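Data file: work31.tsv. Format and content: TSV, N, CA and C atoms.
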```
chain	number	residue	atom	x	y	z
A	1	MET	N	108.98	141.20	91.50
A	1	MET	CA	107.85	140.35	91.11
A	1	MET	C	107.93	139.04	91.87
A	2	LEU	N	106.94	138.68	92.59
A	2	LEU	CA	106.88	137.39	93.26
A	2	LEU	C	106.47	136.34	92.26
A	3	LEU	N	107.17	135.21	92.27
A	3	LEU	CA	106.79	134.13	91.37
A	3	LEU	C	105.75	133.24	92.02
A	4	LEU	N	106.04	132.76	93.22
A	4	LEU	CA	105.11	131.95	93.97
A	4	LEU	C	105.45	132.16	95.43
A	5	PRO	N	104.59	132.25	96.35
A	5	PRO	CA	103.22	131.80	96.34
A	5	PRO	C	102.21	132.77	95.76
A	6	ALA	N	102.61	133.87	95.16
A	6	ALA	CA	101.62	134.75	94.54
A	6	ALA	C	100.85	134.00	93.48
A	7	PHE	N	101.47	132.97	92.90
A	7	PHE	CA	100.79	132.09	91.98
A	7	PHE	C	99.55	131.54	92.61
A	8	GLY	N	99.65	131.35	93.92
A	8	GLY	CA	98.65	130.66	94.66
A	8	GLY	C	97.30	131.30	94.70
A	9	LEU	N	97.10	132.40	94.03
A	9	LEU	CA	95.78	132.99	94.04
A	9	LEU	C	95.00	132.43	92.86
A	10	LEU	N	94.30	131.38	93.12
A	10	LEU	CA	93.45	130.77	92.11
A	10	LEU	C	92.02	131.09	92.50
A	11	LEU	N	91.29	131.64	91.59
A	11	LEU	CA	89.92	132.01	91.88
A	11	LEU	C	88.97	131.10	91.14
A	12	ALA	N	88.16	130.39	91.85
A	12	ALA	CA	87.10	129.62	91.22
A	12	ALA	C	85.94	130.57	91.02
A	13	THR	N	85.79	131.04	89.80
A	13	THR	CA	84.79	132.07	89.56
A	13	THR	C	83.38	131.52	89.45
A	14	SER	N	83.24	130.30	88.99
A	14	SER	CA	81.91	129.70	88.98
A	14	SER	C	82.02	128.20	88.72
A	15	CYS	N	80.95	127.51	89.00
A	15	CYS	CA	80.88	126.08	88.79
A	15	CYS	C	79.79	125.78	87.77
A	16	THR	N	79.96	124.70	87.04
A	16	THR	CA	78.91	124.20	86.17
A	16	THR	C	78.26	123.04	86.90
A	17	LEU	N	76.96	123.07	87.02
A	17	LEU	CA	76.25	122.07	87.82
A	17	LEU	C	75.37	121.19	86.95
A	18	ARG	N	75.21	119.95	87.37
A	18	ARG	CA	74.21	119.08	86.79
A	18	ARG	C	72.99	119.21	87.68
A	19	GLU	N	71.87	119.53	87.10
A	19	GLU	CA	70.65	119.80	87.86
A	19	GLU	C	70.14	118.53	88.51
A	20	THR	N	70.02	118.55	89.86
A	20	THR	CA	69.53	117.37	90.58
A	20	THR	C	68.43	117.72	91.58
A	21	ARG	N	68.07	118.99	91.71
A	21	ARG	CA	67.13	119.37	92.76
A	21	ARG	C	65.68	119.18	92.30
A	22	GLN	N	64.81	119.12	93.28
A	22	GLN	CA	63.38	118.97	93.00
A	22	GLN	C	62.80	120.32	92.59
A	23	GLU	N	61.73	120.28	91.84
A	23	GLU	CA	61.04	121.48	91.39
A	23	GLU	C	60.65	122.33	92.59
A	24	GLY	N	61.01	123.62	92.55
A	24	GLY	CA	60.62	124.55	93.59
A	24	GLY	C	61.54	124.57	94.80
A	25	ALA	N	62.50	123.65	94.87
A	25	ALA	CA	63.41	123.64	96.01
A	25	ALA	C	64.46	124.74	95.84
A	26	PRO	N	64.74	125.52	96.89
A	26	PRO	CA	65.75	126.56	96.77
A	26	PRO	C	67.13	125.94	96.54
A	27	SER	N	67.96	126.61	95.74
A	27	SER	CA	69.28	126.08	95.43
A	27	SER	C	70.31	127.20	95.54
A	28	VAL	N	71.44	126.88	96.15
A	28	VAL	CA	72.55	127.80	96.29
A	28	VAL	C	73.75	127.14	95.61
A	29	GLU	N	74.53	127.92	94.85
A	29	GLU	CA	75.68	127.36	94.16
A	29	GLU	C	76.71	126.83	95.17
A	30	PRO	N	77.27	125.65	94.93
A	30	PRO	CA	78.32	125.13	95.82
A	30	PRO	C	79.51	126.08	95.87
A	31	GLN	N	80.28	125.99	96.94
A	31	GLN	CA	81.45	126.84	97.12
A	31	GLN	C	82.72	126.01	96.96
A	32	ILE	N	83.68	126.52	96.22
A	32	ILE	CA	84.98	125.88	96.03
A	32	ILE	C	86.04	126.88	96.51
A	33	LYS	N	86.91	126.43	97.44
A	33	LYS	CA	87.96	127.31	97.95
A	33	LYS	C	89.31	126.61	97.88
A	34	LEU	N	90.34	127.38	97.56
A	34	LEU	CA	91.70	126.87	97.50
A	34	LEU	C	92.25	126.66	98.91
A	35	ARG	N	92.71	125.43	99.19
A	35	ARG	CA	93.33	125.11	100.47
A	35	ARG	C	94.84	125.21	100.40
A	36	GLY	N	95.40	124.90	99.23
A	36	GLY	CA	96.85	124.94	99.09
A	36	GLY	C	97.27	124.46	97.71
A	37	ILE	N	98.56	124.63	97.44
A	37	ILE	CA	99.14	124.19	96.17
A	37	ILE	C	100.17	123.11	96.48
A	38	GLU	N	99.99	121.93	95.90
A	38	GLU	CA	100.92	120.82	96.11
A	38	GLU	C	102.08	120.85	95.13
A	39	GLN	N	101.81	121.28	93.90
A	39	GLN	CA	102.83	121.27	92.85
A	39	GLN	C	102.52	122.40	91.88
A	40	ALA	N	103.56	123.09	91.41
A	40	ALA	CA	103.39	124.14	90.41
A	40	ALA	C	104.64	124.20	89.55
A	41	SER	N	104.43	124.22	88.23
A	41	SER	CA	105.57	124.32	87.33
A	41	SER	C	105.20	125.17	86.12
A	42	LEU	N	106.20	125.87	85.63
A	42	LEU	CA	106.11	126.61	84.38
A	42	LEU	C	107.11	125.96	83.44
A	43	GLY	N	106.62	125.36	82.39
A	43	GLY	CA	107.51	124.59	81.52
A	43	GLY	C	108.14	123.48	82.34
A	44	THR	N	109.46	123.43	82.34
A	44	THR	CA	110.18	122.39	83.10
A	44	THR	C	110.65	122.89	84.46
A	45	LEU	N	110.35	124.13	84.81
A	45	LEU	CA	110.83	124.71	86.06
A	45	LEU	C	109.80	124.58	87.17
A	46	ASP	N	110.20	123.93	88.28
A	46	ASP	CA	109.36	123.83	89.46
A	46	ASP	C	109.35	125.20	90.14
A	47	VAL	N	108.21	125.85	90.21
A	47	VAL	CA	108.13	127.21	90.76
A	47	VAL	C	107.45	127.27	92.13
A	48	LEU	N	107.18	126.12	92.72
A	48	LEU	CA	106.45	126.11	93.99
A	48	LEU	C	107.18	126.90	95.09
A	49	ASN	N	108.49	126.76	95.18
A	49	ASN	CA	109.23	127.41	96.26
A	49	ASN	C	109.97	128.66	95.82
A	50	LEU	N	109.63	129.20	94.66
A	50	LEU	CA	110.26	130.43	94.20
A	50	LEU	C	109.46	131.63	94.71
A	51	HIS	N	110.15	132.58	95.31
A	51	HIS	CA	109.47	133.74	95.88
A	51	HIS	C	109.95	135.06	95.30
A	52	THR	N	111.18	135.10	94.83
A	52	THR	CA	111.73	136.33	94.24
A	52	THR	C	112.49	135.96	92.97
A	53	PRO	N	112.71	136.90	92.08
A	53	PRO	CA	113.49	136.62	90.87
A	53	PRO	C	114.89	136.10	91.19
A	54	ALA	N	115.46	136.48	92.33
A	54	ALA	CA	116.79	136.01	92.71
A	54	ALA	C	116.83	134.50	92.95
A	55	ASP	N	115.66	133.88	93.13
A	55	ASP	CA	115.60	132.43	93.34
A	55	ASP	C	115.82	131.65	92.04
A	56	VAL	N	115.88	132.35	90.89
A	56	VAL	CA	116.03	131.72	89.58
A	56	VAL	C	117.28	132.28	88.92
A	57	ASP	N	118.12	131.40	88.32
A	57	ASP	CA	119.31	131.91	87.63
A	57	ASP	C	118.90	132.70	86.38
A	58	LEU	N	119.82	133.51	85.87
A	58	LEU	CA	119.53	134.44	84.78
A	58	LEU	C	118.99	133.77	83.52
A	59	PRO	N	119.61	132.67	83.03
A	59	PRO	CA	119.05	132.05	81.81
A	59	PRO	C	117.60	131.58	82.00
A	60	ARG	N	117.31	130.96	83.14
A	60	ARG	CA	115.93	130.51	83.41
A	60	ARG	C	114.99	131.70	83.56
A	61	ARG	N	115.46	132.75	84.22
A	61	ARG	CA	114.64	133.95	84.40
A	61	ARG	C	114.25	134.54	83.04
A	62	ASN	N	115.23	134.62	82.12
A	62	ASN	CA	114.95	135.13	80.78
A	62	ASN	C	113.96	134.23	80.04
A	63	GLN	N	114.11	132.92	80.22
A	63	GLN	CA	113.18	131.97	79.61
A	63	GLN	C	111.76	132.16	80.15
A	64	LEU	N	111.64	132.35	81.46
A	64	LEU	CA	110.33	132.58	82.08
A	64	LEU	C	109.70	133.88	81.59
A	65	ILE	N	110.51	134.94	81.54
A	65	ILE	CA	109.99	136.24	81.08
A	65	ILE	C	109.52	136.14	79.63
A	66	GLU	N	110.33	135.51	78.78
A	66	GLU	CA	109.96	135.35	77.36
A	66	GLU	C	108.68	134.52	77.22
A	67	GLY	N	108.60	133.42	77.96
A	67	GLY	CA	107.41	132.59	77.92
A	67	GLY	C	106.18	133.30	78.42
A	68	TYR	N	106.34	134.11	79.48
A	68	TYR	CA	105.22	134.87	80.04
A	68	TYR	C	104.73	135.91	79.03
A	69	VAL	N	105.67	136.65	78.45
A	69	VAL	CA	105.32	137.71	77.50
A	69	VAL	C	104.64	137.12	76.26
A	70	ASN	N	105.17	136.01	75.75
A	70	ASN	CA	104.63	135.39	74.54
A	70	ASN	C	103.49	134.42	74.82
A	71	LYS	N	103.19	134.20	76.10
A	71	LYS	CA	102.14	133.26	76.51
A	71	LYS	C	102.36	131.87	75.95
A	72	THR	N	103.63	131.41	75.99
A	72	THR	CA	103.98	130.09	75.46
A	72	THR	C	104.53	129.17	76.54
A	73	LEU	N	104.41	129.56	77.78
A	73	LEU	CA	104.96	128.77	78.87
A	73	LEU	C	103.85	127.96	79.52
A	74	PRO	N	103.89	126.63	79.39
A	74	PRO	CA	102.80	125.83	79.97
A	74	PRO	C	102.83	125.84	81.50
A	75	LEU	N	101.69	126.08	82.07
A	75	LEU	CA	101.51	126.10	83.51
A	75	LEU	C	100.84	124.79	83.93
A	76	LYS	N	101.39	124.17	84.97
A	76	LYS	CA	100.77	122.98	85.53
A	76	LYS	C	100.73	123.17	87.04
A	77	MET	N	99.56	122.98	87.62
A	77	MET	CA	99.38	123.11	89.06
A	77	MET	C	98.53	121.97	89.60
A	78	ARG	N	98.93	121.45	90.75
A	78	ARG	CA	98.11	120.47	91.46
A	78	ARG	C	97.65	121.15	92.75
A	79	LEU	N	96.34	121.27	92.89
A	79	LEU	CA	95.74	122.06	93.96
A	79	LEU	C	94.97	121.20	94.95
A	80	LYS	N	94.93	121.68	96.18
A	80	LYS	CA	94.06	121.10	97.20
A	80	LYS	C	92.89	122.06	97.37
A	81	LEU	N	91.68	121.55	97.22
A	81	LEU	CA	90.48	122.38	97.29
A	81	LEU	C	89.54	121.89	98.38
A	82	ASN	N	88.73	122.80	98.88
A	82	ASN	CA	87.60	122.45	99.74
A	82	ASN	C	86.34	122.74	98.96
A	83	ALA	N	85.42	121.80	98.97
A	83	ALA	CA	84.13	121.98	98.30
A	83	ALA	C	83.03	121.88	99.35
A	84	TYR	N	82.01	122.73	99.19
A	84	TYR	CA	80.89	122.75	100.14
A	84	TYR	C	79.58	122.85	99.38
A	85	ASN	N	78.67	121.94	99.67
A	85	ASN	CA	77.32	121.96	99.11
A	85	ASN	C	76.37	122.38	100.23
A	86	PRO	N	75.87	123.63	100.20
A	86	PRO	CA	74.97	124.09	101.26
A	86	PRO	C	73.53	123.64	101.09
A	87	ASN	N	73.24	122.98	99.98
A	87	ASN	CA	71.85	122.60	99.66
A	87	ASN	C	71.40	121.36	100.41
A	88	LEU	N	70.10	121.18	100.49
A	88	LEU	CA	69.53	120.01	101.14
A	88	LEU	C	69.39	118.84	100.17
A	89	GLU	N	69.90	118.99	98.96
A	89	GLU	CA	69.88	117.94	97.96
A	89	GLU	C	71.29	117.73	97.43
A	90	GLU	N	71.56	116.53	96.95
A	90	GLU	CA	72.86	116.23	96.33
A	90	GLU	C	73.07	117.13	95.12
A	91	THR	N	74.31	117.53	94.89
A	91	THR	CA	74.67	118.35	93.74
A	91	THR	C	75.89	117.75	93.07
A	92	ALA	N	75.94	117.83	91.75
A	92	ALA	CA	77.10	117.35	91.01
A	92	ALA	C	77.74	118.55	90.31
A	93	ILE	N	79.02	118.76	90.56
A	93	ILE	CA	79.77	119.80	89.86
A	93	ILE	C	80.39	119.14	88.63
A	94	THR	N	80.12	119.70	87.46
A	94	THR	CA	80.62	119.11	86.21
A	94	THR	C	81.67	119.98	85.53
A	95	GLY	N	81.96	121.14	86.09
A	95	GLY	CA	82.98	122.01	85.52
A	95	GLY	C	83.32	123.13	86.46
A	96	LEU	N	84.50	123.72	86.26
A	96	LEU	CA	84.97	124.79	87.12
A	96	LEU	C	85.64	125.85	86.26
A	97	ASP	N	85.17	127.09	86.37
A	97	ASP	CA	85.82	128.23	85.71
A	97	ASP	C	86.85	128.76	86.69
A	98	TYR	N	88.07	129.07	86.21
A	98	TYR	CA	89.12	129.53	87.11
A	98	TYR	C	89.91	130.67	86.48
A	99	THR	N	90.58	131.44	87.35
A	99	THR	CA	91.50	132.50	86.95
A	99	THR	C	92.74	132.39	87.82
A	100	VAL	N	93.92	132.43	87.22
A	100	VAL	CA	95.19	132.39	87.95
A	100	VAL	C	95.78	133.80	87.90
A	101	LEU	N	96.11	134.33	89.09
A	101	LEU	CA	96.69	135.67	89.19
A	101	LEU	C	98.11	135.58	89.72
A	102	VAL	N	99.01	136.41	89.19
A	102	VAL	CA	100.35	136.58	89.72
A	102	VAL	C	100.52	138.05	90.01
A	103	ASP	N	100.84	138.38	91.26
A	103	ASP	CA	100.97	139.77	91.69
A	103	ASP	C	99.77	140.61	91.28
A	104	GLY	N	98.59	140.04	91.38
A	104	GLY	CA	97.37	140.77	91.06
A	104	GLY	C	97.06	140.88	89.58
A	105	ARG	N	97.91	140.31	88.72
A	105	ARG	CA	97.68	140.34	87.28
A	105	ARG	C	97.28	138.95	86.79
A	106	GLU	N	96.34	138.93	85.87
A	106	GLU	CA	95.86	137.66	85.35
A	106	GLU	C	96.94	136.97	84.51
A	107	LEU	N	97.27	135.74	84.90
A	107	LEU	CA	98.22	134.93	84.15
A	107	LEU	C	97.48	134.05	83.15
A	108	GLY	N	96.30	133.60	83.54
A	108	GLY	CA	95.51	132.76	82.66
A	108	GLY	C	94.17	132.45	83.28
A	109	SER	N	93.30	131.95	82.45
A	109	SER	CA	91.98	131.54	82.93
A	109	SER	C	91.48	130.44	82.00
A	110	GLY	N	90.47	129.77	82.44
A	110	GLY	CA	89.91	128.71	81.62
A	110	GLY	C	88.75	128.02	82.29
A	111	ARG	N	88.32	126.98	81.65
A	111	ARG	CA	87.23	126.14	82.15
A	111	ARG	C	87.77	124.72	82.22
A	112	MET	N	87.59	124.10	83.37
A	112	MET	CA	88.11	122.77	83.63
A	112	MET	C	86.95	121.81	83.79
A	113	PRO	N	86.88	120.75	82.95
A	113	PRO	CA	85.85	119.73	83.21
A	113	PRO	C	86.17	119.05	84.55
A	114	LEU	N	85.15	118.75	85.28
A	114	LEU	CA	85.32	118.19	86.61
A	114	LEU	C	84.08	117.38	86.93
A	115	MET	N	84.24	116.23	87.55
A	115	MET	CA	83.09	115.47	87.98
A	115	MET	C	83.23	115.25	89.48
A	116	LEU	N	82.41	115.97	90.24
A	116	LEU	CA	82.47	115.89	91.69
A	116	LEU	C	81.04	115.83	92.23
A	117	GLU	N	80.69	114.72	92.84
A	117	GLU	CA	79.38	114.54	93.46
A	117	GLU	C	79.47	115.03	94.90
A	118	LEU	N	78.61	115.96	95.26
A	118	LEU	CA	78.59	116.48	96.62
A	118	LEU	C	77.27	116.11	97.29
A	119	PRO	N	77.31	115.27	98.30
A	119	PRO	CA	76.09	114.95	99.03
A	119	PRO	C	75.51	116.21	99.67
A	120	ARG	N	74.27	116.16	100.07
A	120	ARG	CA	73.59	117.32	100.63
A	120	ARG	C	74.29	117.81	101.90
A	121	ALA	N	74.36	119.12	102.04
A	121	ALA	CA	74.92	119.78	103.23
A	121	ALA	C	76.25	119.17	103.66
A	122	THR	N	77.17	119.04	102.72
A	122	THR	CA	78.44	118.36	102.98
A	122	THR	C	79.63	119.21	102.57
A	123	ARG	N	80.72	119.06	103.33
A	123	ARG	CA	82.02	119.63	102.98
A	123	ARG	C	82.95	118.48	102.64
A	124	CYS	N	83.83	118.69	101.65
A	124	CYS	CA	84.81	117.66	101.34
A	124	CYS	C	86.08	118.30	100.81
A	125	ALA	N	87.19	117.58	100.95
A	125	ALA	CA	88.47	118.02	100.42
A	125	ALA	C	88.71	117.24	99.13
A	126	CYS	N	89.28	117.91	98.13
A	126	CYS	CA	89.58	117.23	96.87
A	126	CYS	C	90.83	117.83	96.24
A	127	ARG	N	91.36	117.14	95.26
A	127	ARG	CA	92.55	117.59	94.53
A	127	ARG	C	92.17	117.80	93.08
A	128	LEU	N	92.85	118.76	92.45
A	128	LEU	CA	92.58	119.11	91.06
A	128	LEU	C	93.90	119.47	90.39
A	129	THR	N	94.13	118.97	89.19
A	129	THR	CA	95.31	119.31	88.42
A	129	THR	C	94.91	120.19	87.25
A	130	LEU	N	95.55	121.36	87.14
A	130	LEU	CA	95.32	122.29	86.04
A	130	LEU	C	96.50	122.21	85.08
A	131	ARG	N	96.21	122.16	83.80
A	131	ARG	CA	97.26	122.18	82.78
A	131	ARG	C	96.92	123.22	81.77
```

Serialized structure, structure tokens:
Amino acid sequence: MLLLPAFGLLLATSCTLRETRQEGAPSVEPQIKLRGIEQASLGTLDVLNLHTPADVDLPRRNQLIEGYVNKTLPLKMRLKLNAYNPNLEETAITGLDYTVLVDGRELGSGRMPLMLELPRATRCACRLTLR
């Protein structure tokens, strides 16, 4: 089982938008893509550079497995994202739905409040912390 970077598969499944376009103007949902992971931890264990179970000692490994099975291990990630607004009007993203996968299996999902103003036809880099 890979611990990380398999963690690194974060899927932004959809965005919540504040309506700013003019009546009748075509609108396309902004795109959010993961650029990288700056920090990742499960409980008190930094898992950013862990790639195999051998990278973790046995007591910590057992703690991680127990926390994973019981869904009691807090996940914290700081992500680098790229955002793109393809529209000819400014758009505001007010929320982000996400799913975190480990080895192709869902570890968690949720909705994150977010306030990001995207000028028309613009790309930007941003950071986001998930807890």

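Here the residues within segment 28-89 of chain A that DSSP labels strand (DSSP E) on the basis of the backbone are Gln31, Ile32, Lys33, Leu34, Arg35, Gly36, Ile37, Glu38, Gln39, Ala40, Ser41, Leu42, Leu45, Asp46, Leu75, Lys76, Met77, Arg78, Leu79, Lys80, Leu81, Asn82, Ala83, Tyr84 and Asn85 of chain A.
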
*asked:* Could you check the closest approach to Gly43 of chain A for each of A:Ala121, A:Glu89, A:Val102, A:Arg131 and tell me which residue wins, using only C-alpha atoms?
replied: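 Of A:Ala121, A:Glu89, A:Val102, A:Arg131, the one nearest Gly43 of chain A is A:Arg131, counting only C-alpha atoms.
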
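We find atom CA of Ile65 of chain A and atom C of Thr52 of chain A to be spaced 12.2 Å apart.
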
*Kindly indicate which residue among A:Thr99, A:Asn62, A:Thr129, A:Ser27 lies nearest to Gln39 of chain A, using only C-alpha atoms for the distances.*
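For Gln39 of chain A, the nearest of the given residues is A:Thr129.
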
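Minimum atom-to-atom distances from A:Leu88, A:Leu130, A:Met112, A:Val56 to Ala40 of chain A were compared using only C-alpha atoms, and the lowest value belongs to A:Leu130.
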
*Could you jot down the atom N of Leu64 of chain A to atom CA of Leu50 of chain A separation for me, Å, one decimal place?*
13.0 Å

*Separation of atom C of Leu42 of chain A from atom N of Arg111 of chain A in Å*: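 Answer for the atom N of Arg111 of chain A to atom C of Leu42 of chain A separation: 18.9 Å.
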
_I'd like the neighbourhood of Glu117 of chain A as number ranges by chain, where a residue qualifies if any of its atoms comes within 9 Å (using only C-alpha atoms), though same-chain residues fewer than 4 positions away should be ignored._
A: 90-94

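Across A:Asp97, A:Glu66, A:Ala54, A:Cys124, the tightest approach to Ser109 of chain A is made by A:Asp97 when counting only C-alpha atoms.
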
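Counting all atoms listed in the file and comparing A:Thr122, A:Ser41, A:Asn70, A:Asn49, the residue that lies closest to Pro86 of chain A is A:Thr122.
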
_Nearest residue to Pro113 of chain A out of A:Gly95, A:Val100, A:Arg61, A:Gly36, using only C-alpha atoms?_
A:Gly95

*May I have the residues within 9 Å of Tyr84 of chain A as JSON, numbers by chain, using only C-alpha atoms and disregarding those fewer than 3 positions away in the same chain?*
{"A": [30, 31, 32, 33, 118, 121, 122, 123, 124, 125]}
